[in-house]
Structure formats: C-alpha cells, structure tokens
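Colleague: Here it is: the structure, laid out below.
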Amino acid sequence: MVKRLVPFAPAAAAAALFALILLTEGTDEPGWSISALARTMTVLCLVGSVAAGIVPKRRDVRIHASAALAIFAVTAVGQSRMIELPAALYRVGCVVFALVVIATLRAPQRWARAAAAQRPVEAKGRSRAVLVLGLAWAVVALLLVTQLPRASRVVERQVARYFQGYEPPEDFVGFSSNLQLGSTRGMLQSSKVVMRLDGARVDYLRGAVLDDYDARHQRWSSSFDDTRSDLAADAPQAATSTRVRMARSAPVAHGNEARWFLPGDACELRSESGRVKVDGFGVAHPDPPAIANEISFRSGPACTGAAGRALPAARGPGPLDVALTPELQAQLAPLAASWTANLDNDRKKLDALTLHLAGFGYSLEVERKRGVDAVIDLLFIHREGHCELFATALALLARSQGIPARVVSGYRVSEINPVSGLAVVRERNAHTWVEAWVDGRWDTWDPTPPSELALRSRSSGWEQATEVAAWAWDRTVATFWQIGLARFGLGAGALAIVLLVIRRAMQGREKRGPDEGLTVARPLPAFETLATALARAGWVRTASEPLERFATRLDDGGEPWSSEASRALISYAALRYGGLGEEPAVARRLAELARKIRPLT
C-alpha cells in the first residue's frame with residue numbers, strides 16, 4: 001500500500017503548500033497576490049503530477065514524472081508578490097517540499113536494496129545514506145528558496161509572451177506615466193543590466209515625459225500618455241544604425257506601461273512586430289505590449305523629415321508646461337531672476353540655471369527637512385541631491401521665468417564594455433533631465449552635477465567580465481525563443497532518437513565478447529547452475545519470462561526453498577539489470593542455494 005502511495009507524495013506536498021499560500025493570501029494587502037496565470041499553471045501541474053503517478057506502468061517512471069511536475073507546480077506558486085508572512089511560509093514550505101521529493105526519489109533504490117539483501121540497511125550504510133540525504137536536501141532546499149521565485153518570473157514572462165494575450169501584474173517602479181521623487185533611489189544603486197546597445201552611439205534614451213507636477217505630493221505625471229497613434233516600424237535593417245536589446249533579467253514594465261527607450265530624434269524604426277505606438281510626447285511603446293525585446297533605429301540630423309519612419313514631433317507647450325503653484329512661484333522666481341540677471345533670451349537663461357545647479361553636491365542620503373518641499377530644501381537648505389531633484393528644480397525654476405519646461409526620465413548611456421564593444425545600460429544609469437521649449441522646439445538641458453554622472457558610469461572589472469557572460473547567456477536564450485516551441489520540440493525529439501540509437505549501439509557493443517561477434521555475454525555461472533537445479537526440480541523458466549515474474553512464481557510454489565530461491569533471483573536481477581549489490585556475494589548465495597536444491601532432486 002505504501003509503495004502505491006509514494007508516487008503521489010510530491011504532488012501532495014506541493015498541493016499542501018499551494019493551499020497554505022492561498023489561505024494566507026491577503027485580501028486587503030496590495031503587496032501580496034498570486035497572479036491568475038500562476039494559479040492556472042499550478043493547478044495544471046498538480047493535475048499532471050497526480051496523473052503521472054497513475055498512468056505509466058513502471059513505478060520508477062511514475063515517481064520521477066510526478067516529482068518533476070510537482071516541482072513545476074511549486075515554481076508556479078512562487079510567482080507572486082509576497083508580504084513577509086507568506087514569503088517566510090513559502091521558504092519553509094520549499095524546504096519541506098525538497099525533503100519530500102528527495103525521499104520519494106530515493107524510495108525505489110531502497111526497495112531494491114532491501115529486496116536484494118533481505119535485511120535492514122546496516123548501520124554504516126544507514127549513516128552514509130543519512131549524510132548524503134542531508135547534504136542533498138540542504139542544496140536542493142537552498143536552490144528552491146533562492147531561485148524558484150526568480151525562475152518562475154522568467155517562466156511566466158515567456159508563457160505570457162507566447163500567448164500574447166496576458167499582461168502580467170505591474171511590478172516595475174521608475175519609468176511610467178508617474179514619477180514620485182525618490183522612487184528611483186534603489187535603481188541608482190543597482191548594477192543590474194537593463195539593455196545593451198550595438199552600433200552608433202547615443203547619449204539619452206527617453207522613457208517617459210512628465211509635464212504635470214503635484215507639489216503637494218512631490219510627484220510628476222504625464223497628461224498626454226494615453227493618447228497614442230500607430231507608426232510603422234518595419235525599416236530595412238540596413239537603414240538602421242543602432243540596435244537596442246533588452247536584457248532577459250531587466251525589470252521592464254508590462255501592458256500599457258511598456259515602452260521603448262529611444263532618443264527623441266529616432267527614425268527608421270525596426271521592431272519585432274513591425275509596428276509601434278507613439279504617444280503625444282514622442283515616446284514609443286511596443287505593439288503588442290508582450291513583444292518588447294529588441295528594436296533598431298537611426299538617429300541624428302539625417303532623421304529630419306523621414307516621413308512615415310520617424311517619431312512624430314512632440315506637441316508644442318501647453319498650460320501644464322508653465323504651471324506653478326503660487327507658493328513655489330513666490331519662492332523660486334527671485335532665485336531664478338538672480339541667477340539669470342542681465343540675460344536677454346530663454347536659451348541663455350536655461351544655460352545659466354543649469355550651470356548653477358551643476359555646482360551643487362550629489363547625494364542619495366540627504367535627510368530632508370520635514371514640512372519643506374524637496375525642491376526648496378535642495379535649493380535653499382542642503383544644496384545636495386540626485387538627478388530627479390535637479391531636473392525638477394530646473395524645470396520649476398524655468399517655469400517661474402515663463403519658460404515652458406518638463407521632466408524626462410530614461411537612461412544616460414555612458415558605459416562601453418571593452419570586451420564585447422557593446423554599450424551597456426544598467427539600472428544605476430537611470431536618469432532624469434529637462435526638455436524646455438526654446439526657438440520653436442523642445443531642447444535638452446541636464447542640470448545634474450558631473451560628479452554624479454561620472455560615479456554612475458564607472459564599472460569594475462568584475463562587472464565587465466560578468467556582463468560578457470550574461471550577454472552570451474541572453475543571446476543563447478533569445479536564440480532558443482526565436483526557434484519557436486514547435487521547432488524546438490521537433491529538434492528535441494530528433495535528438496532524443498539519435499541519443500537512443502547511440503545508447504542501444506553502445507549497449508550492443510558492451511554485450512559482445514571479444515571473439516563472440518553478436519553473442520550476448522553469458523550470465524553468472526552460479527545463476528546457470530541454479531537454473532539447472534531448478535529445472536531438474538520441475539521449475540523451468542521460459543526464454544520470454546522476466547526474472548521477477550519467475551521469482552514470484554517460485555515464491556508461490558510451496559517448495560521448502562521457494563521463498564529463498566525467489567529472493568535470490570530478485571537479488572540477481574537487481575545486480576544484473578540495476579547494478580545494485582556485490583557480485584561475489586550474489587554469486588555465493590546462488591551457488592549455496594543450488595547445492596540445497598540438488599539433494600532434494
């Protein structure tokens with residue numbers, strides 16, 4: 001009975017973990033949820049795990065297939081945004097699940113050894129088995145706890161990309177139609193690679209344009225993000241000069257917030273789908289949102305007037321581009337006037353404002369004075385900050401002088417990997433700058449101190465070396481997905497057939513003796529002696545009868561030596577076909593049993 005239930009142990013453990021996670025899922029906690037796709041994948045894998053424990057004829061196949069599908073189910077459970085309690089519960093559950101899986105996979109071997117030896121495992125062997133089991137459990141549990149949530153995100157992203165109709169939950173902070181001052185602080189300290197550029201050099205990659213500043217909540221938002229138009233992105237590859245590839249591990253936004261990071265004057269676009277959507281600020285978005293891996297373009301003066309292939313010119317200034325609260329106007333206007341005294345045009349004023357701000361200090365750790373606007377604190381109290389604050393300060397100072405200005409968030413390209421030659425964009429290269437309306441167009445001003453940009457452009461030798469390895473891995477994975485699931489399945493099937501043929505050929509060579517041609521190697525002499533003794537006693541094994549079935553028939557024979565002969569044959573079968581046991585001991589046991597049968601015959 002126990003042997004029949006063992007194949008279902010991994011499925012039961014995975015189902016128990018899934019049930020506990022569902023029971024602790026917070027209905028009023030926005031930080032914790034299991035996505036619909038994760039639920040579906042978990043249920044399907046659990047059903048498959050149970051079916052795998054029933055359908056196959058061989059017990060070892062049932063156990064391995066059931067365990068594999070149960071592991072997939074636990075992987076799907078890990079696709080969630082967890083608060084502290086469910087996250088800890090998931091980790092503990094993974095440890096217990098790992099122990100169950102290892103014990104289940106070891107069960108057939110223990111049964112075979114017990115059947116072959118007909119005695120309990122010796123103390124020495126038991127202690128060694130416990131040590132191996134403990135080490136394996138620790139390694140597998142560690143991998144489950146640390147890697148399953150990460151692996152599950154990759155799996156869900158690829159499944160969603162394949163079906164192209166599902167939008168994963170939003171879990172990306174920093175580049176969207178809203179920007180809270182300080183929200184990119186963690187990004188500015190992260191070395192995670194976001195994208196790689198190959199080809200002509202570009203400096204600024206726009207991701208979001210923000211024109212509406214909420215002084216009360218110190219937050220920027222976009223007033224023109226939802227209005228989008230279609231644009232062809234099917235230019236010939238030869239017409240492009242720069243190619244952007246998103247890193248596989250990049251925390252890109254999904255759905256309506258998905259976006260391409262391109263310079264403002266990009267043209268000759270070429271995307272995987274052959275089209276993009278462009279909002280009123282000239283920011284390009286993937287179409288459909290699920291495909292956002294690679295895009296090529298050309299930029300520079302040559303893009304002017306590239307009909308049908310250039311990003312449309314962003315709209316002119318509107319009321320929000322000069323909006324400023326009376327409080328900020330009263331505080332900022334005198335400072336801006338003093339910094340731009342005796343200057344007669346907007347461009348010179350913006351240059352002067354930028355120069356003054358660039359002389360401030362750079363810091364991510366400034367403690368702002370409570371009750372004081374962050375921009376006022378930067379300009380009049382601490383005079384230290386990071387790019388978000390400097391860009392906001394310049395935009396508001398320009399508005400106080402009647403100059404339309406807005407904030408742009410994206411990336412500053414500053415790192416070139418000396419090995420691969422690719423421009424590498426990391427999370428710490430996230431940047432915010434200003435676009436102001438001067439001379440009938442939107443131009444760029446960057447007030448961030450040069451010390452900040454230099455600090456975030458540095459990369460260690462280790463980072464550069466690991467980046468090359470990560471780039472090679474990304475290209476391998478991308479190539480796999482370009483092959484497609486159907487072609488990959490056919491290729492994997494063909495490879496499996498080739499490996500099976502090679503294995504059979506090698507097995508055939510192993511069975512041939514040195515001078516015997518195709519003659520199969522003879523069994524142990526002791527087994528032939530026992531078979532002869534059994535035949536004389538009336539127990540003949542046919543050529544097509546498996547040893548295990550013959551042993552079962554002997555065990556039911558009622559002879560004085562039936563049970564002992566049955567166990568000896570099982571021991572011999574385990575040695576010959578499973579490599580279990582010691583040949584001298586098995587041969588000695590078979591010879592002794594043959595001598596016992598002879599006198600009775």
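Going by the structure tokens order, chains are called A, B, ..., each with residues numbered from 1, while ligands are numbered from 1 in the order shown.
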Residues of segment 266-372 of chain A in strand (DSSP E or B) according to DSSP, as a short mmCIF file (atom, residue, chain, number, x, y, z; two decimals) with N, CA and C atoms, in the first residue's frame?

Modeller:
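Contents of part_14.cif, freshly written:
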data_model
loop_
_atom_site.label_atom_id
_atom_site.label_comp_id
_atom_site.auth_asym_id
_atom_site.auth_seq_id
_atom_site.Cartn_x
_atom_site.Cartn_y
_atom_site.Cartn_z
N CYS A 267 14.59 57.61 -35.91
CA CYS A 267 13.83 57.36 -37.12
C CYS A 267 14.25 55.99 -37.66
N GLU A 268 13.65 55.60 -38.79
CA GLU A 268 13.93 54.30 -39.41
C GLU A 268 13.81 53.17 -38.37
N LEU A 269 12.66 53.11 -37.73
CA LEU A 269 12.45 52.13 -36.66
C LEU A 269 12.23 50.74 -37.24
N ARG A 270 12.72 49.75 -36.52
CA ARG A 270 12.51 48.35 -36.91
C ARG A 270 12.31 47.53 -35.62
N SER A 271 11.07 47.08 -35.40
CA SER A 271 10.76 46.27 -34.22
C SER A 271 10.39 44.86 -34.64
N GLU A 272 10.28 43.98 -33.66
CA GLU A 272 9.96 42.58 -33.94
C GLU A 272 8.58 42.43 -34.58
N SER A 273 7.63 43.26 -34.15
CA SER A 273 6.27 43.16 -34.68
C SER A 273 6.07 44.00 -35.93
N GLY A 274 7.02 44.88 -36.26
CA GLY A 274 6.89 45.73 -37.43
C GLY A 274 6.06 46.98 -37.19
N ARG A 275 5.73 47.28 -35.95
CA ARG A 275 4.94 48.48 -35.66
C ARG A 275 5.18 48.89 -34.20
N VAL A 276 4.90 50.15 -33.90
CA VAL A 276 4.96 50.67 -32.54
C VAL A 276 3.80 51.64 -32.37
N LYS A 277 3.54 52.01 -31.13
CA LYS A 277 2.59 53.08 -30.82
C LYS A 277 3.35 54.24 -30.21
N VAL A 278 2.96 55.45 -30.57
CA VAL A 278 3.67 56.64 -30.13
C VAL A 278 2.68 57.57 -29.44
N ASP A 279 3.08 58.05 -28.23
CA ASP A 279 2.18 58.97 -27.52
C ASP A 279 2.47 60.41 -27.93
N ALA A 284 7.90 56.01 -27.70
CA ALA A 284 7.42 54.82 -28.41
C ALA A 284 7.09 53.71 -27.42
N HIS A 285 6.02 52.96 -27.74
CA HIS A 285 5.57 51.85 -26.90
C HIS A 285 5.44 50.60 -27.78
N PRO A 286 5.79 49.43 -27.25
CA PRO A 286 5.67 48.19 -28.04
C PRO A 286 4.23 47.92 -28.44
N GLU A 294 13.60 43.73 -28.65
CA GLU A 294 14.65 44.30 -29.49
C GLU A 294 14.05 45.32 -30.45
N ILE A 295 14.75 46.42 -30.64
CA ILE A 295 14.33 47.43 -31.60
C ILE A 295 15.58 48.09 -32.18
N SER A 296 15.53 48.43 -33.46
CA SER A 296 16.63 49.11 -34.14
C SER A 296 16.14 50.46 -34.65
N PHE A 297 17.07 51.41 -34.83
CA PHE A 297 16.68 52.75 -35.26
C PHE A 297 17.92 53.49 -35.77
N ARG A 298 17.67 54.65 -36.34
CA ARG A 298 18.71 55.60 -36.70
C ARG A 298 18.39 56.91 -36.00
N GLY A 361 26.05 69.68 -4.79
CA GLY A 361 26.60 68.38 -4.45
C GLY A 361 25.65 67.25 -4.82
N TYR A 362 26.24 66.06 -4.95
CA TYR A 362 25.44 64.87 -5.29
C TYR A 362 25.37 63.96 -4.07
#

Colleague: Could you tell me, as an MDAnalysis selection string, which residues of segment 261-446 of chain A DSSP assigns to helix (DSSP H, G or I) when given the backbone?

Modeller: chainID A and resid 301:303 319:322 326:339 346:358 374:382 387:400 427:429

Colleague: Within 8 Å of segment 547-551 of chain A, counting only C-alpha atoms, which residues show up once you throw out same-chain ones fewer than 4 positions away? Write them as a list in words, please.

Modeller: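 Once the adjacent positions are removed, what remains is Arg541, Asp555, Ala565, Ser566, Arg567, Leu569, Ile570 and Ala573 of chain A.
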
Colleague: So that I can check the surroundings of His386 of chain A, please list as a PyMOL selection string every protein, DNA and RNA residue that reaches within 8 Å of it, counting only C-alpha atoms and ignoring chain neighbours fewer than 5 positions away.

Modeller: chain A and resi 362-364+448+452

Colleague: A:Gly318, A:Val202, A:Asp373, A:Pro236: which is nearest His217 of chain A, counting only C-alpha atoms?

Modeller: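 Closest candidate: A:Asp373.
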
Colleague: Measure the distance from atom CA of Phe97 of chain A to atom CA of Arg59 of chain A in Å and round it to one decimal.

Modeller: 20.5 Å

Colleague: Determine, counting only C-alpha atoms, which protein, DNA and RNA residues have an atom within 8 Å of an atom of Ala395 of chain A; residues of the same chain fewer than 5 positions away are not included. Present the result as a list in words.

Modeller: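 The residues satisfying every condition are Ala405, Arg406, Val407, Val434 and Ala436 of chain A.
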
Colleague: Got time to write the residues from that selection, C-alpha atoms, as a PDB file, in the first residue's frame?

Modeller:
ATOM      1  CA  ALA A 405       9.669  73.070 -19.299  1.00  0.00           C
ATOM      2  CA  ARG A 406       9.007  69.442 -18.428  1.00  0.00           C
ATOM      3  CA  VAL A 407      10.876  66.495 -16.936  1.00  0.00           C
ATOM      4  CA  VAL A 434      14.712  68.544 -18.647  1.00  0.00           C
ATOM      5  CA  ALA A 436      12.408  73.134 -22.460  1.00  0.00           C
TER       6      ALA A 436
END
